[in-house]
file start08.cif (mmCIF, C-alpha atoms)
data_protein
loop_
_atom_site.label_atom_id
_atom_site.label_comp_id
_atom_site.auth_asym_id
_atom_site.auth_seq_id
_atom_site.Cartn_x
_atom_site.Cartn_y
_atom_site.Cartn_z
CA MET I 1 5.07 14.73 -21.60
CA ASN I 2 1.62 15.93 -20.59
CA THR I 3 0.70 13.24 -18.04
CA GLU I 4 -2.72 14.83 -17.50
CA HIS I 5 -3.67 13.30 -20.85
CA HIS I 6 -5.20 9.85 -20.38
CA TYR I 7 -2.36 7.81 -21.83
CA GLY I 8 -2.22 4.03 -21.41
CA PHE I 9 0.07 2.39 -18.86
CA GLU I 10 2.70 1.25 -21.36
CA THR I 11 2.88 4.69 -22.95
CA LEU I 12 3.42 6.33 -19.55
CA ALA I 13 6.02 3.72 -18.59
CA ILE I 14 8.05 4.53 -21.69
CA HIS I 15 7.58 8.31 -21.94
CA ALA I 16 6.78 9.83 -18.52
CA GLY I 17 9.93 11.50 -17.16
CA ASN I 18 11.78 10.51 -20.32
CA GLU I 19 11.85 13.86 -22.11
CA PRO I 20 14.47 14.05 -24.89
CA ASP I 21 17.68 15.67 -23.66
CA PRO I 22 17.48 19.39 -24.61
CA THR I 23 21.18 19.56 -25.53
CA THR I 24 21.51 16.55 -27.84
CA GLY I 25 17.99 15.23 -28.37
CA SER I 26 18.95 11.90 -26.74
CA VAL I 27 15.77 9.86 -26.18
CA VAL I 28 17.33 8.26 -23.09
CA PRO I 29 17.81 10.56 -20.06
CA PRO I 30 21.50 11.08 -19.26
CA ILE I 31 23.09 9.75 -16.08
CA TYR I 32 23.97 12.92 -14.22
CA ALA I 33 26.98 11.66 -12.26
CA THR I 34 27.46 14.85 -10.29
CA SER I 35 27.27 15.81 -6.65
CA THR I 36 26.86 19.55 -7.06
CA TYR I 37 25.77 22.21 -9.57
CA LYS I 38 27.10 25.62 -10.65
CA GLN I 39 24.84 28.38 -9.33
CA ASP I 40 23.92 31.42 -11.39
CA GLY I 41 24.98 33.81 -8.66
CA VAL I 42 24.67 33.20 -4.92
CA GLY I 43 21.40 31.38 -4.30
CA GLY I 44 20.59 31.34 -8.03
CA LEU I 45 19.83 27.68 -8.62
CA ARG I 46 19.66 26.56 -12.23
CA ASN I 47 16.37 24.69 -12.67
CA GLY I 48 16.28 24.15 -8.91
CA TYR I 49 19.38 21.93 -8.70
CA GLU I 50 21.79 22.61 -5.84
CA TYR I 51 23.17 19.30 -4.47
CA SER I 52 22.42 15.74 -5.58
CA ARG I 53 21.10 14.54 -2.22
CA SER I 54 18.38 17.16 -2.61
CA ALA I 55 17.73 16.55 -6.31
CA ASN I 56 19.41 15.05 -9.36
CA PRO I 57 18.00 15.21 -12.92
CA THR I 58 18.23 11.44 -13.45
CA ARG I 59 16.40 10.82 -10.19
CA THR I 60 13.85 13.48 -11.12
CA ALA I 61 13.12 11.61 -14.35
CA LEU I 62 12.52 8.38 -12.41
CA GLU I 63 10.35 10.11 -9.80
CA GLU I 64 8.17 11.66 -12.50
CA CYS I 65 7.75 8.26 -14.13
CA LEU I 66 6.91 6.59 -10.81
CA ALA I 67 4.19 9.15 -10.10
CA ALA I 68 2.69 8.71 -13.57
CA ILE I 69 2.49 4.91 -13.59
CA GLU I 70 1.05 4.75 -10.04
CA ALA I 71 -1.56 7.46 -10.76
CA GLY I 72 0.05 9.73 -8.16
CA ASN I 73 1.15 13.36 -8.10
CA ARG I 74 4.64 12.94 -6.58
CA GLY I 75 7.13 10.12 -6.59
CA PHE I 76 10.26 9.69 -4.48
CA ALA I 77 13.18 7.36 -5.23
CA PHE I 78 15.34 5.84 -2.50
CA ALA I 79 18.43 3.70 -2.10
CA SER I 80 16.34 0.64 -1.17
CA GLY I 81 12.80 -0.38 -0.32
CA LEU I 82 13.64 -0.37 3.38
CA ALA I 83 15.12 3.12 3.09
CA ALA I 84 11.81 4.26 1.58
CA GLU I 85 9.85 2.60 4.40
CA ASP I 86 12.05 4.04 7.15
CA THR I 87 11.82 7.54 5.69
CA LEU I 88 8.05 7.24 5.36
CA ILE I 89 7.46 6.19 8.98
CA ARG I 90 9.75 8.95 10.28
CA SER I 91 7.75 11.36 8.11
CA LEU I 92 4.38 10.21 9.47
CA CYS I 93 5.03 9.13 13.06
CA VAL I 94 6.67 10.29 16.25
CA PRO I 95 7.57 8.22 19.33
CA GLY I 96 4.39 7.03 21.01
CA ASP I 97 2.48 6.54 17.76
CA HIS I 98 1.03 3.22 16.65
CA VAL I 99 1.01 1.25 13.38
CA VAL I 100 -1.25 -1.65 12.37
CA PHE I 101 0.95 -4.10 10.52
CA PRO I 102 0.26 -7.26 8.44
CA ASP I 103 0.55 -10.58 10.25
CA ASP I 104 2.09 -11.92 7.01
CA ALA I 105 4.74 -9.56 5.68
CA TYR I 106 8.27 -9.35 4.36
CA GLY I 107 10.74 -10.24 7.09
CA GLY I 108 12.91 -7.19 6.46
CA THR I 109 9.96 -4.85 6.95
CA PHE I 110 9.03 -6.63 10.18
CA ARG I 111 12.64 -6.34 11.37
CA LEU I 112 12.62 -2.60 10.60
CA PHE I 113 9.44 -2.05 12.61
CA SER I 114 10.23 -4.39 15.49
CA LYS I 115 13.96 -3.85 15.97
CA VAL I 116 14.55 -0.29 14.74
CA LEU I 117 11.36 1.75 14.78
CA GLY I 118 10.17 -0.07 17.89
CA THR I 119 13.20 1.10 19.87
CA TRP I 120 12.54 4.61 18.54
CA GLY I 121 9.10 4.42 20.17
CA VAL I 122 6.67 3.44 17.40
CA ASP I 123 4.44 0.60 18.54
CA MET I 124 3.12 -2.07 16.15
CA THR I 125 0.20 -4.50 16.25
CA PRO I 126 0.07 -7.34 13.70
CA ALA I 127 -3.36 -8.03 12.16
CA ALA I 128 -4.71 -10.28 9.42
CA VAL I 129 -4.97 -8.23 6.23
CA THR I 130 -7.63 -10.61 4.94
CA HIS I 131 -10.02 -9.63 7.75
CA PRO I 132 -11.01 -5.95 7.88
CA GLU I 133 -12.59 -6.52 11.30
CA ALA I 134 -9.21 -7.67 12.64
CA ILE I 135 -7.68 -4.46 11.38
CA ARG I 136 -10.49 -2.41 12.89
CA ALA I 137 -9.93 -4.16 16.23
CA ALA I 138 -6.18 -3.49 16.09
CA ILE I 139 -6.60 0.25 15.50
CA ARG I 140 -6.08 2.40 18.60
CA PRO I 141 -8.16 5.59 18.23
CA GLY I 142 -5.98 8.66 18.57
CA LYS I 143 -2.77 6.59 18.51
CA THR I 144 -2.82 4.70 15.20
CA LYS I 145 -1.26 6.89 12.51
CA VAL I 146 -0.67 4.24 9.83
CA VAL I 147 -2.34 1.07 8.62
CA TRP I 148 0.25 -0.84 6.63
CA LEU I 149 -0.65 -3.40 3.98
CA GLU I 150 1.10 -5.75 1.63
CA THR I 151 -1.20 -7.22 -0.99
CA PRO I 152 -0.50 -9.83 -2.12
CA THR I 153 1.52 -10.54 1.01
CA ASN I 154 5.01 -11.98 1.17
CA PRO I 155 5.27 -14.98 1.19
CA LEU I 156 1.78 -16.43 1.79
CA LEU I 157 0.10 -14.37 -0.96
CA ASN I 158 -2.85 -13.25 1.13
CA VAL I 159 -4.98 -10.52 -0.42
CA ALA I 160 -6.34 -7.40 1.29
CA ASP I 161 -9.33 -5.39 0.11
CA ILE I 162 -7.64 -2.02 -0.33
CA ALA I 163 -10.81 0.06 -0.71
CA ILE I 164 -12.48 -1.33 2.42
CA ILE I 165 -9.35 -1.01 4.58
CA ALA I 166 -8.69 2.51 3.26
CA GLN I 167 -12.09 3.54 4.59
CA LEU I 168 -11.39 1.90 7.96
CA ALA I 169 -8.07 3.71 8.24
CA HIS I 170 -9.52 7.07 7.25
CA ASP I 171 -12.45 6.73 9.65
CA ALA I 172 -9.89 6.36 12.45
CA GLY I 173 -7.81 9.32 11.27
CA ALA I 174 -4.99 7.08 10.01
CA LEU I 175 -3.30 6.84 6.62
CA LEU I 176 -3.26 3.68 4.52
CA VAL I 177 0.13 2.61 3.16
CA VAL I 178 0.20 -0.18 0.58
CA ASP I 179 3.34 -2.08 -0.38
CA ASN I 180 2.60 -2.79 -4.05
CA THR I 181 5.87 -4.58 -4.81
CA PHE I 182 4.39 -8.01 -5.61
CA ALA I 183 1.68 -6.70 -7.92
CA SER I 184 3.54 -3.77 -9.52
CA PRO I 185 1.62 -0.72 -10.77
CA TYR I 186 0.85 -2.60 -13.99
CA LEU I 187 -1.36 -5.08 -12.14
CA GLN I 188 -2.71 -2.95 -9.29
CA GLN I 189 -3.23 0.76 -8.53
CA PRO I 190 -3.65 1.27 -4.76
CA LEU I 191 -3.97 5.07 -4.92
CA GLU I 192 -6.97 4.68 -7.20
CA LEU I 193 -8.52 2.40 -4.56
CA GLY I 194 -8.12 4.87 -1.69
CA ALA I 195 -4.58 4.31 -0.40
CA ASP I 196 -2.59 7.36 0.71
CA VAL I 197 0.92 6.09 0.01
CA VAL I 198 2.29 3.36 -2.24
CA VAL I 199 5.61 1.70 -1.36
CA HIS I 200 7.84 -0.26 -3.73
CA SER I 201 11.06 -2.13 -3.59
CA THR I 202 12.10 -1.08 -7.10
CA THR I 203 14.75 -3.78 -6.85
CA LYS I 204 12.02 -6.21 -7.83
CA TYR I 205 9.62 -5.90 -10.79
CA MET I 206 10.27 -2.22 -11.48
CA GLY I 207 13.98 -2.76 -12.12
CA GLY I 208 13.23 -6.27 -13.30
CA HIS I 209 16.74 -7.49 -14.11
CA SER I 210 18.32 -8.21 -10.69
CA ASP I 211 20.95 -5.54 -11.29
CA VAL I 212 19.85 -2.68 -9.03
CA VAL I 213 18.65 -2.04 -5.47
CA GLY I 214 16.12 0.73 -4.92
CA GLY I 215 12.88 1.85 -3.31
CA ALA I 216 10.05 4.26 -3.97
CA LEU I 217 7.14 6.15 -2.41
CA ILE I 218 4.26 7.61 -4.41
CA VAL I 219 1.52 9.91 -3.10
CA ARG I 220 -1.29 12.13 -4.32
CA ASP I 221 -1.69 14.63 -1.48
CA ALA I 222 0.48 17.74 -1.93
CA GLU I 223 0.97 18.41 1.80
CA LEU I 224 2.00 14.80 2.44
CA ALA I 225 4.37 15.01 -0.53
CA GLU I 226 6.10 18.06 0.94
CA THR I 227 6.54 16.27 4.27
CA ILE I 228 8.10 13.26 2.57
CA ALA I 229 10.30 15.47 0.38
CA PHE I 230 11.67 17.22 3.49
CA HIS I 231 12.48 13.91 5.18
CA GLN I 232 13.93 12.38 2.00
CA ASN I 233 16.44 15.24 1.87
CA ALA I 234 17.01 15.40 5.64
CA ILE I 235 17.59 11.66 6.06
CA GLY I 236 19.40 11.29 2.75
CA ALA I 237 18.83 7.66 1.73
CA VAL I 238 18.28 8.65 -1.91
CA ALA I 239 18.72 6.69 -5.13
CA GLY I 240 22.01 7.40 -6.90
CA PRO I 241 21.84 8.53 -10.55
CA PHE I 242 22.99 5.23 -12.05
CA ASP I 243 20.55 3.24 -9.91
CA ALA I 244 17.74 5.64 -10.85
CA TRP I 245 18.65 5.23 -14.53
CA LEU I 246 18.54 1.42 -14.27
CA VAL I 247 15.10 1.45 -12.65
CA LEU I 248 13.83 3.93 -15.23
CA ARG I 249 15.09 1.63 -17.98
CA GLY I 250 13.45 -1.39 -16.36
CA ILE I 251 10.06 0.31 -16.05
CA LYS I 252 9.88 0.71 -19.85
CA THR I 253 9.30 -3.03 -20.25
CA LEU I 254 7.30 -3.57 -17.05
CA GLY I 255 3.99 -4.22 -18.81
CA VAL I 256 5.25 -6.87 -21.23
CA ARG I 257 7.32 -8.53 -18.50
CA MET I 258 4.41 -8.72 -16.06
CA ASP I 259 2.23 -10.36 -18.69
CA ARG I 260 4.92 -13.00 -19.31
CA HIS I 261 5.54 -13.47 -15.57
CA SER I 262 1.80 -14.06 -15.12
CA ASP I 263 1.57 -16.42 -18.10
CA ASN I 264 4.41 -18.57 -16.77
CA ALA I 265 3.16 -18.48 -13.18
CA GLU I 266 -0.24 -19.77 -14.26
CA LYS I 267 1.43 -22.72 -15.99
CA VAL I 268 3.58 -23.42 -12.93
CA VAL I 269 0.51 -23.32 -10.68
CA GLU I 270 -1.33 -25.79 -12.92
CA PHE I 271 1.67 -28.14 -12.80
CA LEU I 272 2.09 -27.90 -9.02
CA GLN I 273 -1.57 -28.59 -8.38
CA ARG I 274 -1.21 -31.98 -10.05
CA HIS I 275 2.04 -33.03 -8.37
CA LYS I 276 1.87 -35.66 -5.64
CA SER I 277 4.64 -34.00 -3.59
CA VAL I 278 2.69 -30.74 -3.24
CA ASN I 279 0.19 -30.29 -0.39
CA GLN I 280 -1.02 -26.78 -1.14
CA VAL I 281 -0.50 -24.13 -3.81
CA LEU I 282 -0.85 -20.47 -2.81
CA TYR I 283 -1.70 -18.17 -5.73
CA PRO I 284 -4.39 -15.46 -5.91
CA GLY I 285 -5.38 -16.57 -9.40
CA LEU I 286 -6.78 -19.88 -8.13
CA ASP I 287 -10.55 -20.03 -7.74
CA GLY I 288 -10.07 -21.75 -4.38
CA HIS I 289 -7.76 -19.05 -3.00
CA PRO I 290 -9.57 -17.21 -0.19
CA GLY I 291 -8.59 -13.85 -1.66
CA HIS I 292 -9.35 -14.69 -5.27
CA GLU I 293 -12.53 -12.64 -5.50
CA THR I 294 -10.85 -9.57 -4.05
CA ALA I 295 -7.79 -10.02 -6.25
CA ALA I 296 -10.00 -10.34 -9.32
CA LYS I 297 -11.68 -7.06 -8.36
CA GLN I 298 -8.56 -4.97 -7.81
CA MET I 299 -5.83 -6.64 -9.90
CA LYS I 300 -5.41 -6.85 -13.66
CA ARG I 301 -3.73 -10.28 -13.38
CA TYR I 302 -2.22 -12.25 -10.51
CA GLY I 303 1.51 -11.84 -10.92
CA GLY I 304 4.59 -14.00 -10.97
CA ILE I 305 4.98 -15.10 -7.33
CA VAL I 306 3.87 -18.61 -6.41
CA SER I 307 4.23 -20.25 -3.00
CA PHE I 308 3.57 -23.91 -2.20
CA ARG I 309 3.87 -26.41 0.62
CA VAL I 310 5.32 -29.88 0.18
CA THR I 311 4.51 -33.27 1.65
CA GLY I 312 7.89 -34.13 3.16
CA GLY I 313 8.23 -31.26 5.61
CA GLU I 314 11.08 -28.82 6.04
CA GLN I 315 13.92 -31.06 4.84
CA HIS I 316 12.02 -31.96 1.67
CA ALA I 317 11.44 -28.26 0.98
CA VAL I 318 15.14 -27.48 1.49
CA ASP I 319 16.15 -30.40 -0.76
CA ILE I 320 13.85 -29.16 -3.54
CA CYS I 321 15.37 -25.68 -3.35
CA ASN I 322 18.87 -27.14 -3.54
CA LYS I 323 18.03 -29.44 -6.46
CA ALA I 324 16.53 -26.86 -8.82
CA GLU I 325 18.72 -25.69 -11.69
CA VAL I 326 16.79 -23.32 -13.97
CA PHE I 327 15.19 -21.85 -10.87
CA THR I 328 18.16 -20.14 -9.19
CA LEU I 329 18.40 -20.56 -5.42
CA GLY I 330 18.43 -17.00 -4.18
CA GLU I 331 16.64 -14.26 -2.29
CA SER I 332 14.78 -11.36 -3.89
CA LEU I 333 12.21 -11.66 -6.68
CA GLY I 334 10.80 -9.94 -9.74
CA GLY I 335 13.74 -10.38 -12.10
CA VAL I 336 13.59 -11.90 -15.57
CA GLU I 337 15.20 -15.08 -14.23
CA SER I 338 13.25 -17.54 -12.05
CA LEU I 339 14.24 -17.82 -8.39
CA ILE I 340 13.43 -20.39 -5.73
CA GLU I 341 13.85 -19.99 -1.98
CA HIS I 342 12.96 -21.40 1.42
CA PRO I 343 11.39 -18.43 3.25
CA GLY I 344 11.76 -19.93 6.72
CA LYS I 345 15.54 -20.14 6.38
CA MET I 346 16.10 -17.24 4.00
CA THR I 347 13.96 -14.11 3.48
CA HIS I 348 11.81 -14.67 6.57
CA ALA I 349 14.35 -16.03 9.01
CA SER I 350 14.02 -12.79 10.99
CA VAL I 351 10.38 -13.59 11.88
CA ALA I 352 11.09 -17.02 13.37
CA GLY I 353 9.42 -17.32 16.76
CA THR I 354 7.08 -14.36 16.12
CA PRO I 355 3.41 -14.24 15.04
CA LEU I 356 4.73 -13.82 11.47
CA GLU I 357 6.65 -17.11 11.41
CA VAL I 358 6.09 -18.95 8.11
CA PRO I 359 5.51 -22.71 7.63
CA ALA I 360 8.70 -24.77 7.53
CA ASP I 361 7.50 -26.72 4.49
CA LEU I 362 6.92 -23.58 2.41
CA ILE I 363 8.73 -22.78 -0.84
CA ARG I 364 8.44 -19.45 -2.68
CA LEU I 365 8.98 -19.11 -6.41
CA SER I 366 9.59 -15.95 -8.36
CA VAL I 367 8.58 -17.19 -11.80
CA GLY I 368 10.65 -15.53 -14.50
CA ILE I 369 10.15 -15.11 -18.22
CA GLU I 370 12.08 -18.15 -19.47
CA THR I 371 10.54 -20.80 -21.70
CA ALA I 372 7.68 -22.21 -19.62
CA ASP I 373 8.36 -25.86 -20.54
CA ASP I 374 11.91 -25.54 -19.17
CA LEU I 375 10.58 -24.23 -15.88
CA LEU I 376 8.09 -27.09 -15.56
CA GLU I 377 10.76 -29.68 -16.38
CA ASP I 378 13.09 -28.18 -13.77
CA LEU I 379 10.40 -28.26 -11.09
CA ASP I 380 9.52 -31.83 -11.97
CA HIS I 381 13.18 -32.77 -11.57
CA ALA I 382 13.51 -30.91 -8.25
CA LEU I 383 10.30 -32.37 -6.80
CA SER I 384 11.08 -35.95 -7.79
#

call {"tool": "encode", "arguments": {"input": "start08.cif", "output": "structure tokens"}}
result
Amino acid sequence: MNTEHHYGFETLAIHAGNEPDPTTGSVVPPIYATSTYKQDGVGGLRNGYEYSRSANPTRTALEECLAAIEAGNRGFAFASGLAAEDTLIRSLCVPGDHVVFPDDAYGGTFRLFSKVLGTWGVDMTPAAVTHPEAIRAAIRPGKTKVVWLETPTNPLLNVADIAIIAQLAHDAGALLVVDNTFASPYLQQPLELGADVVVHSTTKYMGGHSDVVGGALIVRDAELAETIAFHQNAIGAVAGPFDAWLVLRGIKTLGVRMDRHSDNAEKVVEFLQRHKSVNQVLYPGLDGHPGHETAAKQMKRYGGIVSFRVTGGEQHAVDICNKAEVFTLGESLGGVESLIEHPGKMTHASVAGTPLEVPADLIRLSVGIETADDLLEDLDHALS
């Protein structure tokens, strides 16, 4: 597929990387369950394939699709989102370097930076992504190699102005990395706004069916792409062919799913705002959300993640999570089924006692694509 043509998002999601199989004409890329490839003479690689850690045709198809839907030039598929993040930082930083990090971020990413990369010698300073001046103040000239963003953030759904922060990072000689997992490339295109690298946990909206774990990096710069490609092969935390195939299949319906996730989330938000047991609803689509104006500028819609705080404190929040039925109590997000969780005791337990600690009365919803009335009835039951 000629991706230089200005195709729409849904067309790219279905066709980019999905060339019909030359042998059979199959419209679905095969799962190449192989570790190695016959060479046409010593050093004569057929179509560049040598060993499946280095490259696999199923993974290639996914990586081409990832690049196309994120408006990048190269995509890289990994075994998990954290594997992608770890490979990226080892590609960009050496011991003694510094990273500016969100003060509201996924607990697993914080654990990677604080407990793993920190012992390797990469220093980290948390800063509020909603305040560019806080990020500017956190940057250490000559030391800061990466400014890291999530937007919207996990789990408080804060919104960063990607274009403004990209300029700040570049002025300081740093790269801007944006975790686009919550928005997905259907709702937000960070590379178009000035970011240098986009990160995804493809486990979430990209896969979309809670049946695969994966991660991705997408870039535009050719030299940066070669650096990442070297480290992807050298470190080896690559996506297997079946996992790559599942993510590629999920991406084909990403657009229609994200519209339904957003539709249902808006109805859930409206319901929660009226409920007496709810103190605060956090959702970028609300006019009163402090990041609403920025989100409206850089996002197509506002996504399927909703967080809220309840009146009865931590125990009330835990009880609500335990009482829900249609909303499944579980970690992760972005699947077709709705999930409910208590971040303080689940996904963000690793940030307890740190500047990233989340409120104890907070609940996070991943609103799925079920019948909206059933979701509202289930929440009403759980909150009662």

call {"tool": "resolve_selection", "arguments": {"input": "start08.cif", "expression": "the PyMOL selection byres ((chain I and resi 145) around 8)", "output": "PyMOL selection string"}}
result
chain I and resi 92-93+97-99+142-144+146-147+173-175

call {"tool": "resolve_selection", "arguments": {"input": "start08.cif", "expression": "the PyMOL selection byres ((chain I and resi 75) around 6)", "output": "VMD selection string"}}
result
chain I and resid 63 66 to 67 74 76 217 to 218

call {"tool": "resolve_selection", "arguments": {"input": "start08.cif", "expression": "the PyMOL selection byres ((chain I and resi 253) around 9)", "output": "MDAnalysis selection string"}}
result
chainID I and resid 10 13:14 206 208 249:252 254:258

call {"tool": "closest_residue", "arguments": {"input": "start08.cif", "among": "I:Lys323, I:His348, I:Arg90, I:Arg140", "to": "Val122 (chain I)", "atoms": "all atoms listed in the file"}}
result
I:Arg90

call {"tool": "residues_around", "arguments": {"input": "start08.cif", "residues": "region 303-310 of chain I", "least_positions_apart": "6", "cutoff": "8 Å", "atoms": "all atoms listed in the file", "output": "PyMOL selection string"}}
result
chain I and resi 155-157+182-183+187+258-259+261-262+264-265+269+277-283+316-317+334+361-368

call {"tool": "atom_distance", "arguments": {"input": "start08.cif", "atom1": "CA of His170 (chain I)", "atom2": "CA of Glu357 (chain I)"}}
result
29.4 Å

call {"tool": "closest_residue", "arguments": {"input": "start08.cif", "among": "I:Asp373, I:Ile164, I:Ile89, I:Pro132", "to": "Leu112 (chain I)", "atoms": "all atoms listed in the file"}}
result
I:Ile89

call {"tool": "residues_around", "arguments": {"input": "start08.cif", "residues": "Arg53 (chain I)", "least_positions_apart": "2", "cutoff": "7 Å", "atoms": "all atoms listed in the file", "output": "PyMOL selection string"}}
result
chain I and resi 51+55+233+236+238

call {"tool": "write_last_selection", "arguments": {"input": "start08.cif", "atoms": "C-alpha atoms", "output": "PDB file, keeping the file's coordinate frame"}}
result
ATOM      1  CA  TYR I  51      23.170  19.300  -4.470  1.00  0.00           C
ATOM      2  CA  ALA I  55      17.730  16.550  -6.310  1.00  0.00           C
ATOM      3  CA  ASN I 233      16.440  15.240   1.870  1.00  0.00           C
ATOM      4  CA  GLY I 236      19.400  11.290   2.750  1.00  0.00           C
ATOM      5  CA  VAL I 238      18.280   8.650  -1.910  1.00  0.00           C
TER       6      VAL I 238
END

call {"tool": "atom_distance", "arguments": {"input": "start08.cif", "atom1": "CA of Arg220 (chain I)", "atom2": "CA of Asn73 (chain I)"}}
result
4.7 Å

call {"tool": "closest_residue", "arguments": {"input": "start08.cif", "among": "I:Ala77, I:Val336, I:Ile320, I:Ile162", "to": "Ser210 (chain I)", "atoms": "all atoms listed in the file"}}
result
I:Val336

call {"tool": "decode", "arguments": {"input": "start08.cif", "residues": "region 26-37 of chain I", "atoms": "N, CA and C atoms", "output": "PDB file, in the first residue's frame"}}
result
ATOM      1  N   SER I  26      -4.009 -14.427   0.258  1.00  0.00           N
ATOM      2  CA  SER I  26      -4.705 -14.227   1.533  1.00  0.00           C
ATOM      3  C   SER I  26      -4.703 -12.748   1.906  1.00  0.00           C
ATOM      4  N   VAL I  27      -5.883 -12.214   2.262  1.00  0.00           N
ATOM      5  CA  VAL I  27      -5.970 -10.800   2.628  1.00  0.00           C
ATOM      6  C   VAL I  27      -5.512 -10.558   4.059  1.00  0.00           C
ATOM      7  N   VAL I  28      -5.336 -11.618   4.830  1.00  0.00           N
ATOM      8  CA  VAL I  28      -4.829 -11.507   6.199  1.00  0.00           C
ATOM      9  C   VAL I  28      -3.384 -11.986   6.215  1.00  0.00           C
ATOM     10  N   PRO I  29      -2.458 -11.183   6.733  1.00  0.00           N
ATOM     11  CA  PRO I  29      -1.050 -11.618   6.774  1.00  0.00           C
ATOM     12  C   PRO I  29      -0.895 -12.925   7.544  1.00  0.00           C
ATOM     13  N   PRO I  30      -0.094 -13.842   7.060  1.00  0.00           N
ATOM     14  CA  PRO I  30       0.130 -15.104   7.775  1.00  0.00           C
ATOM     15  C   PRO I  30       0.867 -14.877   9.095  1.00  0.00           C
ATOM     16  N   ILE I  31       0.710 -15.832  10.001  1.00  0.00           N
ATOM     17  CA  ILE I  31       1.512 -15.859  11.224  1.00  0.00           C
ATOM     18  C   ILE I  31       2.755 -16.686  10.908  1.00  0.00           C
ATOM     19  N   TYR I  32       3.882 -16.002  10.815  1.00  0.00           N
ATOM     20  CA  TYR I  32       5.129 -16.696  10.486  1.00  0.00           C
ATOM     21  C   TYR I  32       5.747 -17.241  11.768  1.00  0.00           C
ATOM     22  N   ALA I  33       5.334 -18.449  12.134  1.00  0.00           N
ATOM     23  CA  ALA I  33       5.811 -19.092  13.362  1.00  0.00           C
ATOM     24  C   ALA I  33       7.139 -19.785  13.072  1.00  0.00           C
ATOM     25  N   THR I  34       8.167 -18.975  12.898  1.00  0.00           N
ATOM     26  CA  THR I  34       9.487 -19.506  12.594  1.00  0.00           C
ATOM     27  C   THR I  34      10.541 -18.718  13.342  1.00  0.00           C
ATOM     28  N   SER I  35      11.613 -19.385  13.701  1.00  0.00           N
ATOM     29  CA  SER I  35      12.708 -18.697  14.373  1.00  0.00           C
ATOM     30  C   SER I  35      13.819 -18.315  13.412  1.00  0.00           C
ATOM     31  N   THR I  36      13.930 -19.072  12.307  1.00  0.00           N
ATOM     32  CA  THR I  36      15.041 -18.801  11.393  1.00  0.00           C
ATOM     33  C   THR I  36      14.584 -18.962   9.949  1.00  0.00           C
ATOM     34  N   TYR I  37      15.464 -18.612   8.995  1.00  0.00           N
ATOM     35  CA  TYR I  37      15.092 -18.541   7.587  1.00  0.00           C
ATOM     36  C   TYR I  37      16.222 -19.122   6.726  1.00  0.00           C
TER      37      TYR I  37
END
